[in-house]
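K.L.:
The structure file entry08.pdb (PDB, C-alpha atoms and all ligand atoms) is provided below.
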ATOM      1  CA  MET Z   1      85.251  93.686  66.064
ATOM      2  CA  ASN Z   2      85.207  90.134  67.278
ATOM      3  CA  THR Z   3      82.224  88.114  66.199
ATOM      4  CA  LEU Z   4      81.551  86.086  69.331
ATOM      5  CA  VAL Z   5      77.912  85.467  70.176
ATOM      6  CA  ASN Z   6      78.166  87.573  73.280
ATOM      7  CA  PRO Z   7      80.363  90.553  72.416
ATOM      8  CA  LEU Z   8      81.512  92.975  75.094
ATOM      9  CA  HIS Z   9      80.090  96.487  75.180
ATOM     10  CA  PRO Z  10      82.486  98.949  73.598
ATOM     11  CA  GLY Z  11      84.721 100.707  76.122
ATOM     12  CA  LEU Z  12      87.808 100.270  78.270
ATOM     13  CA  TYR Z  13      88.360  97.207  80.465
ATOM     14  CA  ILE Z  14      91.142  97.429  83.074
ATOM     15  CA  VAL Z  15      92.248  93.846  83.663
ATOM     16  CA  ALA Z  16      94.467  92.784  86.584
ATOM     17  CA  THR Z  17      96.742  89.829  85.811
ATOM     18  CA  PRO Z  18      98.855  87.547  88.066
ATOM     19  CA  ILE Z  19     102.019  88.799  89.800
ATOM     20  CA  GLY Z  20     103.630  85.379  89.517
ATOM     21  CA  ASN Z  21     101.222  82.499  89.935
ATOM     22  CA  LEU Z  22      99.139  82.147  86.766
ATOM     23  CA  GLY Z  23      96.434  80.454  88.816
ATOM     24  CA  ASP Z  24      95.599  83.899  90.196
ATOM     25  CA  LEU Z  25      94.056  85.075  86.921
ATOM     26  CA  SER Z  26      90.363  85.381  87.721
ATOM     27  CA  PRO Z  27      87.775  83.648  85.513
ATOM     28  CA  ARG Z  28      86.254  87.053  84.774
ATOM     29  CA  ALA Z  29      89.647  88.454  83.714
ATOM     30  CA  ALA Z  30      90.190  85.461  81.416
ATOM     31  CA  ASP Z  31      86.712  85.928  79.954
ATOM     32  CA  ILE Z  32      87.279  89.622  79.237
ATOM     33  CA  LEU Z  33      90.667  88.931  77.634
ATOM     34  CA  ALA Z  34      89.087  86.245  75.441
ATOM     35  CA  ARG Z  35      86.359  88.604  74.237
ATOM     36  CA  ALA Z  36      88.177  91.931  73.933
ATOM     37  CA  ASP Z  37      88.641  93.268  70.409
ATOM     38  CA  VAL Z  38      92.124  94.447  71.259
ATOM     39  CA  ILE Z  39      94.388  94.193  74.305
ATOM     40  CA  ALA Z  40      96.673  97.130  75.089
ATOM     41  CA  VAL Z  41      99.827  95.618  76.593
ATOM     42  CA  GLU Z  42     103.119  96.787  78.080
ATOM     43  CA  ASP Z  43     105.115  93.961  76.517
ATOM     44  CA  SER Z  44     103.441  91.672  73.994
ATOM     45  CA  ARG Z  45     105.835  88.786  74.787
ATOM     46  CA  VAL Z  46     104.746  88.808  78.439
ATOM     47  CA  THR Z  47     101.026  88.993  77.663
ATOM     48  CA  ALA Z  48     101.359  86.414  74.888
ATOM     49  CA  GLY Z  49     102.518  83.940  77.560
ATOM     50  CA  LEU Z  50      99.439  84.668  79.652
ATOM     51  CA  LEU Z  51      97.100  84.333  76.655
ATOM     52  CA  ARG Z  52      98.738  81.037  75.698
ATOM     53  CA  HIS Z  53      98.123  79.827  79.247
ATOM     54  CA  ILE Z  54      94.359  80.423  78.860
ATOM     55  CA  GLY Z  55      94.253  79.261  75.245
ATOM     56  CA  VAL Z  56      93.283  82.652  73.835
ATOM     57  CA  LYS Z  57      94.479  84.479  70.718
ATOM     58  CA  ARG Z  58      93.654  88.197  70.587
ATOM     59  CA  HIS Z  59      95.114  91.176  68.821
ATOM     60  CA  MET Z  60      97.601  93.044  71.049
ATOM     61  CA  THR Z  61      98.791  96.615  70.710
ATOM     62  CA  PRO Z  62     101.717  98.043  72.716
ATOM     63  CA  TYR Z  63     100.852 100.733  75.267
ATOM     64  CA  HIS Z  64     103.759 101.709  77.504
ATOM     65  CA  ASP Z  65     105.607 104.743  78.887
ATOM     66  CA  HIS Z  66     107.510 105.320  75.649
ATOM     67  CA  ASN Z  67     104.616 105.308  73.157
ATOM     68  CA  ALA Z  68     101.550 106.165  75.260
ATOM     69  CA  GLU Z  69     101.223 109.791  74.084
ATOM     70  CA  GLY Z  70     101.166 108.769  70.441
ATOM     71  CA  VAL Z  71      99.033 105.655  70.792
ATOM     72  CA  ARG Z  72      96.399 106.907  73.250
ATOM     73  CA  PRO Z  73      94.180 108.928  70.836
ATOM     74  CA  GLY Z  74      93.820 105.910  68.536
ATOM     75  CA  LEU Z  75      92.856 103.657  71.440
ATOM     76  CA  ILE Z  76      90.330 106.212  72.711
ATOM     77  CA  ALA Z  77      88.773 106.404  69.231
ATOM     78  CA  ARG Z  78      88.498 102.615  69.039
ATOM     79  CA  MET Z  79      86.613 102.492  72.352
ATOM     80  CA  ALA Z  80      83.596 104.058  70.614
ATOM     81  CA  THR Z  81      82.905 100.786  68.783
ATOM     82  CA  GLU Z  82      85.278  98.199  70.297
ATOM     83  CA  ALA Z  83      86.133  96.630  73.633
ATOM     84  CA  VAL Z  84      89.700  97.634  74.531
ATOM     85  CA  ALA Z  85      91.304  95.711  77.406
ATOM     86  CA  LEU Z  86      94.315  97.176  79.238
ATOM     87  CA  VAL Z  87      96.797  94.898  81.001
ATOM     88  CA  SER Z  88     100.274  95.485  82.410
ATOM     89  CA  ASP Z  89     103.091  92.943  82.577
ATOM     90  CA  ALA Z  90     101.934  91.859  86.012
ATOM     91  CA  GLY Z  91      99.366  92.896  88.587
ATOM     92  CA  THR Z  92      96.956  95.778  88.438
ATOM     93  CA  PRO Z  93      97.361  98.295  85.606
ATOM     94  CA  LEU Z  94      97.842 101.922  86.766
ATOM     95  CA  ILE Z  95      99.566 100.840  90.018
ATOM     96  CA  SER Z  96     103.173 101.893  89.279
ATOM     97  CA  ASP Z  97     102.226 101.038  85.701
ATOM     98  CA  PRO Z  98     100.786 102.932  82.713
ATOM     99  CA  GLY Z  99      97.071 103.596  82.360
ATOM    100  CA  PHE Z 100      95.713 106.518  84.351
ATOM    101  CA  LYS Z 101      95.697 108.901  81.386
ATOM    102  CA  LEU Z 102      93.934 106.275  79.287
ATOM    103  CA  VAL Z 103      91.206 106.031  81.941
ATOM    104  CA  ARG Z 104      91.013 109.816  82.261
ATOM    105  CA  ASP Z 105      90.670 110.320  78.499
ATOM    106  CA  ALA Z 106      88.228 107.424  78.110
ATOM    107  CA  ARG Z 107      85.996 109.039  80.730
ATOM    108  CA  ALA Z 108      86.337 112.448  79.113
ATOM    109  CA  ALA Z 109      85.215 110.904  75.799
ATOM    110  CA  GLY Z 110      82.178 109.381  77.531
ATOM    111  CA  HIS Z 111      83.248 105.764  77.072
ATOM    112  CA  LEU Z 112      82.362 102.905  79.377
ATOM    113  CA  VAL Z 113      85.205 102.173  81.854
ATOM    114  CA  VAL Z 114      85.120  98.831  83.673
ATOM    115  CA  THR Z 115      87.624  97.373  86.128
ATOM    116  CA  ILE Z 116      88.391  93.697  86.575
ATOM    117  CA  PRO Z 117      90.300  93.791  89.874
ATOM    118  CA  GLY Z 118      92.819  91.188  90.959
ATOM    119  CA  PRO Z 119      96.427  90.744  92.073
ATOM    120  CA  CYS Z 120      98.412  93.762  93.225
ATOM    121  CA  ALA Z 121     101.831  93.347  94.854
ATOM    122  CA  ALA Z 122     101.270  96.231  97.299
ATOM    123  CA  VAL Z 123      98.082  94.745  98.727
ATOM    124  CA  ALA Z 124      99.484  91.203  98.698
ATOM    125  CA  ALA Z 125     102.540  92.444 100.659
ATOM    126  CA  LEU Z 126     100.296  94.083 103.251
ATOM    127  CA  THR Z 127      98.576  90.750 103.799
ATOM    128  CA  LEU Z 128     101.934  89.071 104.484
ATOM    129  CA  ALA Z 129     103.708  91.707 106.589
ATOM    130  CA  GLY Z 130     101.802  91.474 109.866
ATOM    131  CA  LEU Z 131     101.740  95.258 110.234
ATOM    132  CA  PRO Z 132      98.712  97.534 110.695
ATOM    133  CA  THR Z 133      96.521  97.712 107.599
ATOM    134  CA  ASP Z 134      93.798 100.129 108.725
ATOM    135  CA  ARG Z 135      95.682 103.070 107.172
ATOM    136  CA  PHE Z 136      98.434 102.700 104.625
ATOM    137  CA  LEU Z 137     100.254 104.819 102.086
ATOM    138  CA  PHE Z 138     101.386 103.244  98.848
ATOM    139  CA  ALA Z 139     104.522 105.207  97.962
ATOM    140  CA  GLY Z 140     105.605 103.280  94.840
ATOM    141  CA  PHE Z 141     109.309 103.304  93.968
ATOM    142  CA  LEU Z 142     111.574 105.648  95.945
ATOM    143  CA  PRO Z 143     114.095 107.688  93.917
ATOM    144  CA  PRO Z 144     117.339 105.804  93.183
ATOM    145  CA  LYS Z 145     119.621 108.687  94.278
ATOM    146  CA  GLU Z 146     120.305 108.818  98.001
ATOM    147  CA  LYS Z 147     119.494 112.484  98.671
ATOM    148  CA  ALA Z 148     116.251 112.446  96.689
ATOM    149  CA  ARG Z 149     115.324 109.179  98.418
ATOM    150  CA  ALA Z 150     115.958 110.633 101.888
ATOM    151  CA  ASP Z 151     113.920 113.756 100.995
ATOM    152  CA  ALA Z 152     111.028 111.613  99.731
ATOM    153  CA  ILE Z 153     111.026 109.553 102.945
ATOM    154  CA  ARG Z 154     111.157 112.671 105.130
ATOM    155  CA  GLU Z 155     108.049 114.003 103.357
ATOM    156  CA  ILE Z 156     105.977 111.073 104.598
ATOM    157  CA  ALA Z 157     107.818 110.184 107.818
ATOM    158  CA  ALA Z 158     105.261 111.752 110.152
ATOM    159  CA  LEU Z 159     102.206 110.095 108.575
ATOM    160  CA  ARG Z 160     100.414 107.792 110.989
ATOM    161  CA  ALA Z 161     100.114 105.089 108.364
ATOM    162  CA  THR Z 162     101.868 101.921 107.297
ATOM    163  CA  LEU Z 163     104.148 102.685 104.339
ATOM    164  CA  VAL Z 164     104.443 100.472 101.265
ATOM    165  CA  PHE Z 165     107.313 100.743  98.770
ATOM    166  CA  TYR Z 166     108.197  98.846  95.592
ATOM    167  CA  GLU Z 167     111.882  97.994  95.194
ATOM    168  CA  SER Z 168     114.271  95.840  93.186
ATOM    169  CA  GLY Z 169     116.843  93.394  94.589
ATOM    170  CA  PRO Z 170     119.972  95.345  93.638
ATOM    171  CA  ARG Z 171     118.647  98.544  95.254
ATOM    172  CA  LEU Z 172     117.160  96.974  98.377
ATOM    173  CA  ALA Z 173     120.186  97.475 100.668
ATOM    174  CA  ALA Z 174     120.566 101.176  99.847
ATOM    175  CA  CYS Z 175     116.832 101.718 100.207
ATOM    176  CA  LEU Z 176     116.672  99.999 103.612
ATOM    177  CA  ALA Z 177     119.714 101.960 104.807
ATOM    178  CA  THR Z 178     117.995 105.256 103.984
ATOM    179  CA  LEU Z 179     114.705 104.091 105.509
ATOM    180  CA  ALA Z 180     116.544 103.111 108.714
ATOM    181  CA  ALA Z 181     118.416 106.423 108.802
ATOM    182  CA  GLU Z 182     115.220 108.455 108.333
ATOM    183  CA  LEU Z 183     112.592 106.386 110.147
ATOM    184  CA  GLY Z 184     114.663 104.743 112.889
ATOM    185  CA  ASN Z 185     113.728 101.585 114.687
ATOM    186  CA  ARG Z 186     110.325 100.897 113.129
ATOM    187  CA  ASP Z 187     109.169  97.367 112.440
ATOM    188  CA  ALA Z 188     109.158  96.443 108.781
ATOM    189  CA  ALA Z 189     108.863  93.543 106.360
ATOM    190  CA  VAL Z 190     110.705  92.735 103.168
ATOM    191  CA  THR Z 191     108.319  90.656 101.064
ATOM    192  CA  ARG Z 192     109.737  88.976  97.998
ATOM    193  CA  GLU Z 193     108.602  86.896  95.033
ATOM    194  CA  ILE Z 194     104.993  86.950  96.205
ATOM    195  CA  THR Z 195     102.898  84.048  94.830
ATOM    196  CA  LYS Z 196     106.051  82.504  93.286
ATOM    197  CA  LYS Z 197     108.097  79.482  94.296
ATOM    198  CA  PHE Z 198     110.442  81.424  96.571
ATOM    199  CA  GLU Z 199     107.864  83.690  98.206
ATOM    200  CA  GLU Z 200     109.093  84.998 101.561
ATOM    201  CA  ALA Z 201     108.439  87.725 104.095
ATOM    202  CA  VAL Z 202     111.386  88.680 106.293
ATOM    203  CA  THR Z 203     110.378  90.805 109.261
ATOM    204  CA  GLY Z 204     112.421  92.849 111.720
ATOM    205  CA  THR Z 205     113.283  96.426 112.583
ATOM    206  CA  LEU Z 206     114.560  98.646 109.781
ATOM    207  CA  PRO Z 207     118.159  98.670 111.156
ATOM    208  CA  THR Z 208     118.271  94.871 111.410
ATOM    209  CA  LEU Z 209     116.802  94.451 107.925
ATOM    210  CA  ALA Z 210     119.270  97.024 106.551
ATOM    211  CA  ALA Z 211     122.125  95.076 108.158
ATOM    212  CA  ARG Z 212     120.799  91.725 106.918
ATOM    213  CA  TYR Z 213     120.665  92.817 103.283
ATOM    214  CA  ALA Z 214     123.720  95.139 103.311
ATOM    215  CA  ASP Z 215     125.999  92.622 101.630
ATOM    216  CA  ALA Z 216     123.425  90.188 100.334
ATOM    217  CA  PRO Z 217     121.193  91.660  97.636
ATOM    218  CA  PRO Z 218     118.308  89.242  97.155
ATOM    219  CA  LYS Z 219     116.974  88.165  93.779
ATOM    220  CA  GLY Z 220     113.492  88.856  92.525
ATOM    221  CA  GLU Z 221     110.737  91.377  93.028
ATOM    222  CA  ILE Z 222     110.320  93.113  96.350
ATOM    223  CA  VAL Z 223     107.821  95.115  98.373
ATOM    224  CA  ILE Z 224     108.928  96.833 101.592
ATOM    225  CA  VAL Z 225     106.297  97.471 104.257
ATOM    226  CA  VAL Z 226     107.103  99.809 107.189
ATOM    227  CA  ALA Z 227     105.100 100.253 110.404
ATOM    228  CA  PRO Z 228     103.640 103.662 111.313
ATOM    229  CA  PRO Z 229     105.589 105.943 113.674
ATOM    230  CA  GLY Z 230     105.014 105.633 117.358
ATOM    231  CA  ASP Z 231     104.748 101.859 117.388
ATOM    232  CA  ALA Z 232     108.510 101.412 117.297
ATOM    233  CA  PRO Z 233     109.953  99.529 120.289
ATOM    234  CA  PRO Z 234     112.965 101.184 121.965
ATOM    235  CA  ALA Z 235     116.143 100.240 120.136
ATOM    236  CA  SER Z 236     117.985  97.295 121.680
ATOM    237  CA  ASP Z 237     121.788  96.931 121.793
ATOM    238  CA  ALA Z 238     121.466  94.404 118.957
ATOM    239  CA  ASP Z 239     119.515  96.936 116.865
ATOM    240  CA  ALA Z 240     122.156  99.576 117.534
ATOM    241  CA  ASP Z 241     125.002  97.219 116.609
ATOM    242  CA  ALA Z 242     123.241  96.104 113.422
ATOM    243  CA  ALA Z 243     122.586  99.701 112.401
ATOM    244  CA  LEU Z 244     126.167 100.740 113.227
ATOM    245  CA  ALA Z 245     127.663  97.806 111.326
ATOM    246  CA  GLU Z 246     125.627  98.734 108.262
ATOM    247  CA  ALA Z 247     126.392 102.478 108.560
ATOM    248  CA  LEU Z 248     130.132 101.780 108.948
ATOM    249  CA  THR Z 249     130.129 100.188 105.497
ATOM    250  CA  ARG Z 250     129.227 103.628 104.071
ATOM    251  CA  LEU Z 251     130.390 106.252 106.560
ATOM    252  CA  SER Z 252     133.231 107.261 108.867
ATOM    253  CA  THR Z 253     132.981 106.224 112.543
ATOM    254  CA  GLY Z 254     131.761 109.671 113.626
ATOM    255  CA  GLN Z 255     129.233 109.950 110.806
ATOM    256  CA  ALA Z 256     127.943 106.436 111.464
ATOM    257  CA  ALA Z 257     127.489 107.209 115.173
ATOM    258  CA  SER Z 258     125.629 110.444 114.341
ATOM    259  CA  GLU Z 259     123.352 108.801 111.784
ATOM    260  CA  VAL Z 260     122.406 105.890 114.045
ATOM    261  CA  ALA Z 261     121.983 108.193 117.078
ATOM    262  CA  LYS Z 262     119.508 110.300 115.104
ATOM    263  CA  ALA Z 263     117.669 107.351 113.612
ATOM    264  CA  LEU Z 264     117.327 105.361 116.837
ATOM    265  CA  GLY Z 265     117.139 108.224 119.327
ATOM    266  CA  LEU Z 266     120.247 107.009 121.185
ATOM    267  CA  ASP Z 267     123.238 108.760 122.713
ATOM    268  CA  ARG Z 268     125.890 109.598 120.104
ATOM    269  CA  LYS Z 269     128.860 109.247 122.464
ATOM    270  CA  THR Z 270     127.827 105.753 123.505
ATOM    271  CA  LEU Z 271     127.331 104.794 119.876
ATOM    272  CA  TYR Z 272     130.721 106.206 118.901
ATOM    273  CA  ALA Z 273     132.361 103.957 121.511
ATOM    274  CA  ARG Z 274     130.370 100.945 120.266
ATOM    275  CA  ALA Z 275     131.338 101.764 116.688
ATOM    276  CA  LEU Z 276     135.032 101.821 117.636
ATOM    277  CA  ALA Z 277     134.601  98.479 119.404
ATOM    278  CA  LEU Z 278     132.817  97.002 116.388
ATOM    279  CA  LYS Z 279     135.583  98.177 114.075
ATOM    280  CA  ALA Z 280     138.201  96.623 116.333
TER     281      ALA Z 280
HETATM  282  N1  LIG T   1     101.128  96.902  88.721
HETATM  283  C1  LIG T   1     101.896  96.034  89.575
HETATM  284  C2  LIG T   1     101.073  95.669  90.801
HETATM  285  O1  LIG T   1      99.843  95.720  90.744
HETATM  286  O2  LIG T   1     101.654  95.323  91.823
HETATM  287  C3  LIG T   1     103.238  96.640  89.946
HETATM  288  C4  LIG T   1     104.112  96.949  88.772
HETATM  289  S1  LIG T   1     105.643  97.663  89.222
HETATM  290  C5  LIG T   1     106.257  98.151  87.649
HETATM  291  C6  LIG T   1     106.658  96.270  89.552
HETATM  292  C7  LIG T   1     107.039  96.176  91.027
HETATM  293  O3  LIG T   1     105.974  95.573  91.760
HETATM  294  C8  LIG T   1     108.244  95.296  91.290
HETATM  295  O4  LIG T   1     109.462  96.016  91.120
HETATM  296  C9  LIG T   1     108.036  94.908  92.742
HETATM  297  O5  LIG T   1     108.414  95.944  93.600
HETATM  298  C10 LIG T   1     106.499  94.757  92.786
HETATM  299  N2  LIG T   1     106.129  93.372  92.482
HETATM  300  C11 LIG T   1     105.528  92.904  91.380
HETATM  301  N3  LIG T   1     105.333  91.571  91.462
HETATM  302  C12 LIG T   1     105.829  91.191  92.668
HETATM  303  C13 LIG T   1     105.931  89.943  93.353
HETATM  304  N4  LIG T   1     105.485  88.830  92.814
HETATM  305  N5  LIG T   1     106.502  89.942  94.585
HETATM  306  C14 LIG T   1     106.953  91.071  95.149
HETATM  307  N6  LIG T   1     106.885  92.266  94.545
HETATM  308  C15 LIG T   1     106.335  92.336  93.324
END
Please render this file's structure as structure tokens.
P.N.:
Amino acid sequence: MNTLVNPLHPGLYIVATPIGNLGDLSPRAADILARADVIAVEDSRVTAGLLRHIGVKRHMTPYHDHNAEGVRPGLIARMATEAVALVSDAGTPLISDPGFKLVRDARAAGHLVVTIPGPCAAVAALTLAGLPTDRFLFAGFLPPKEKARADAIREIAALRATLVFYESGPRLAACLATLAAELGNRDAAVTREITKKFEEAVTGTLPTLAARYADAPPKGEIVIVVAPPGDAPPASDADADAALAEALTRLSTGQAASEVAKALGLDRKTLYARALALKA
């Protein structure tokens, strides 16, 4: 137990940490980290940097996908008498990060569970995208394999909600290509490096974004935000050309025309002719 004058109540404290800019650590989060008896961390090197930044030295114990099953019972037992803080490498624990089973088991054991909310890339991306925010679905990471990715997108395609996906730079182009093929001409935003030096939000229709990133994988961390169905403007010739150019990098002329015709609701014959012209 730490011996500070004002110790925390025993239990579990879920602490959100910055997604880039260390200035985003809340005073309350810093206070909890300074007073916790132990901090469960994904990667102690990452959290050590954060603790150094706030001038705090606390005991850390690893809690991540590979050891969680073995480590969890010990952490739950400690919560009876100690304050256990949970952080992830960045952002809000449990959001595409470990933690939900720790919360579930802490509740089942009757321990106090407290959240210290803060940065979350999904919510930050929604604030940058300029797309409807009244209803949204956070869909996390899409599967890396194309067929599984297309199936996962089809499952949620009809939802009247803005869609939010996490993605990495090297996979962005493939992910946008599948989103364009399955969801058509919807507006979208690629938000990148949020709160960091090179923060940006690139907006456009899915086909134009797919074309833009087809041969230019960006660096850094990415969130894709896609508008709900029904708000999509009719596809322009430029949209069709961008989508065709991107599809032709992966498919034959006929297949590219079929894919873009389906995605954008356009005539396949016309697109086939445009594809031939583009190739020429
Ligand atoms: N728990 C975190 C949160 O609250 O956002 C997310 C953890 S998840 C393992 C990591 C993914 O979040 C990255 O691959 C990226 O998609 C997104 N992400 C995290 N930080 C980001 C940032 N600064 N800018 C854009 N996306 C970010």
K.L.:
Atom CA of His66 of chain Z to atom CA of Ser44 of chain Z: how many Å, to one decimal?
P.N.:
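Computed distance, atom CA of His66 of chain Z to atom CA of Ser44 of chain Z, equals 14.3 Å.
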K.L.:
For Val84 of chain Z, please output as a PyMOL selection string all residues within 8 Å (counting all atoms listed in the file; exclusion window: fewer than 4 positions along the same chain).
P.N.:
chain Z and resi 10-13+36-40+75+78-79
K.L.:
Care to translate the PyMOL selection byres (((not hetatm)) within 6 of (chain T and resi 1)) into actual residues of this file, as a PyMOL selection string?
P.N.:
chain Z and resi 19-20+90-93+95-97+120-122+166-168+192-195+221-223
K.L.:
Set out as CSV a contact list for segment 34-153 of chain Z and segment 228-250 of chain Z with a cut-off of 12 Å, giving each residue of segment 34-153 of chain Z that qualifies its closest atom pair and distance in Å to one decimal, counting all atoms listed in the file, ordered by chain and rising residue number.
P.N.:
residue,atom,partner,partner_atom,distance
Z:Leu131,CA,Z:Pro228,CA,8.7
Z:Pro132,CA,Z:Pro228,CA,7.9
Z:Thr133,CA,Z:Pro228,CA,10.0
Z:Asp134,CA,Z:Pro228,CA,10.8
Z:Arg135,CA,Z:Pro228,CA,9.0
Z:Phe136,CA,Z:Pro228,CA,8.5
Z:Leu137,CA,Z:Pro228,CA,9.9
Z:Glu146,CA,Z:Arg250,CA,12.0
K.L.:
Please save C-alpha atoms of the selected residues as an mmCIF file, keeping the file's coordinate frame.
P.N.:
data_model
loop_
_atom_site.group_PDB
_atom_site.id
_atom_site.type_symbol
_atom_site.label_atom_id
_atom_site.label_comp_id
_atom_site.auth_asym_id
_atom_site.auth_seq_id
_atom_site.Cartn_x
_atom_site.Cartn_y
_atom_site.Cartn_z
ATOM 1 C CA LEU Z 131 101.740 95.258 110.234
ATOM 2 C CA PRO Z 132 98.712 97.534 110.695
ATOM 3 C CA THR Z 133 96.521 97.712 107.599
ATOM 4 C CA ASP Z 134 93.798 100.129 108.725
ATOM 5 C CA ARG Z 135 95.682 103.070 107.172
ATOM 6 C CA PHE Z 136 98.434 102.700 104.625
ATOM 7 C CA LEU Z 137 100.254 104.819 102.086
ATOM 8 C CA GLU Z 146 120.305 108.818 98.001
#
K.L.:
Rounded to one decimal place, report the atom CA of Ile76 of chain Z-atom CA of Val103 of chain Z distance in Å.
P.N.:
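Here the two named atoms are 9.3 Å from each other.
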K.L.:
For this structure, which residues satisfy the selection - the PyMOL selection byres (((chain Z and resi 50) around 10) and not hetatm) - when it is evaluated on the file as given? I want them as a ChimeraX atom specification.
P.N.:
/Z:17-18,22,25,30,33,44-49,51-56,89-90
K.L.:
Go ahead and save the residues from that selection, with C-alpha atoms, as a CSV table (one decimal), in the coordinates of the input.
P.N.:
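Result file result05.csv:
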chain,number,residue,atom,x,y,z
Z,17,THR,CA,96.7,89.8,85.8
Z,18,PRO,CA,98.9,87.5,88.1
Z,22,LEU,CA,99.1,82.1,86.8
Z,25,LEU,CA,94.1,85.1,86.9
Z,30,ALA,CA,90.2,85.5,81.4
Z,33,LEU,CA,90.7,88.9,77.6
Z,44,SER,CA,103.4,91.7,74.0
Z,45,ARG,CA,105.8,88.8,74.8
Z,46,VAL,CA,104.7,88.8,78.4
Z,47,THR,CA,101.0,89.0,77.7
Z,48,ALA,CA,101.4,86.4,74.9
Z,49,GLY,CA,102.5,83.9,77.6
Z,51,LEU,CA,97.1,84.3,76.7
Z,52,ARG,CA,98.7,81.0,75.7
Z,53,HIS,CA,98.1,79.8,79.2
Z,54,ILE,CA,94.4,80.4,78.9
Z,55,GLY,CA,94.3,79.3,75.2
Z,56,VAL,CA,93.3,82.7,73.8
Z,89,ASP,CA,103.1,92.9,82.6
Z,90,ALA,CA,101.9,91.9,86.0
K.L.:
On this structure, which residues satisfy the PyMOL selection byres (((chain Z and resi 188) around 8) and not hetatm), written as a list in words?
P.N.:
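Here the PyMOL selection byres (((chain Z and resi 188) around 8) and not hetatm) matches Ala129, Leu131, Arg186, Asp187, Ala189, Val190, Thr203, Gly204, Thr205, Leu206, Leu209, Ile224, Val225, Val226 and Ala227 of chain Z.
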K.L.:
Between atom CA of Glu199 of chain Z and atom CA of Ile14 of chain Z, measure the distance and give it in Å to one decimal.
P.N.:
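Rounded to one decimal, the two atoms are 26.4 Å apart.
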K.L.:
Restricting the calculation to all atoms listed in the file, which member of Z:Lys219, Z:Lys101, Z:His111, Z:Lys196 is positioned closest to Asp24 of chain Z?
P.N.:
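Of Z:Lys219, Z:Lys101, Z:His111, Z:Lys196, the one nearest Asp24 of chain Z is Z:Lys196, counting all atoms listed in the file.
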K.L.:
I'd like the neighbourhood of Cys175 of chain Z as number ranges by chain, where a residue qualifies if any of its atoms comes within 12 Å (using all atoms listed in the file), though same-chain residues fewer than 3 positions away should be ignored.
P.N.:
Z: 141-150, 152-153, 165-172, 178-183, 190, 206-207, 209-211, 213-214, 217, 222-224
K.L.:
Return the single residue from Z:Arg28, Z:Arg154, Z:Arg160, Z:Arg72 that is closest to Asp105 of chain Z, with distances computed using only C-alpha atoms.
P.N.:
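Going through Z:Arg28, Z:Arg154, Z:Arg160, Z:Arg72 one by one, the smallest distance to Asp105 of chain Z is for Z:Arg72.
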K.L.:
Kindly indicate which residue among Z:Leu271, Z:Leu102, Z:Ala125, Z:Leu112 lies nearest to Glu82 of chain Z, using all atoms listed in the file for the distances.
P.N.:
Z:Leu112
K.L.:
So which one's closest to Glu259 of chain Z, Z:Ala273, Z:Ala177, Z:Leu128, Z:Val202? Using only C-alpha atoms, please.
P.N.:
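Closest to Glu259 of chain Z of all the choices is Z:Ala177.
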K.L.:
Is it possible to get the axis-aligned box enclosing segment 7-10 of chain Z (all listed atoms, 8 Å extra per side) as lines of an AutoDock Vina configuration file, with centre and edge lengths in Å rounded to one decimal?
P.N.:
center_x = 81.3
center_y = 94.8
center_z = 73.8
size_x = 18.4
size_y = 24.4
size_z = 18.8
K.L.:
When you count all atoms listed in the file, which of these residues is closest to Gly130 of chain Z: Z:Gly118, Z:Ala108, Z:Ala201, Z:Val71?
P.N.:
Z:Ala201
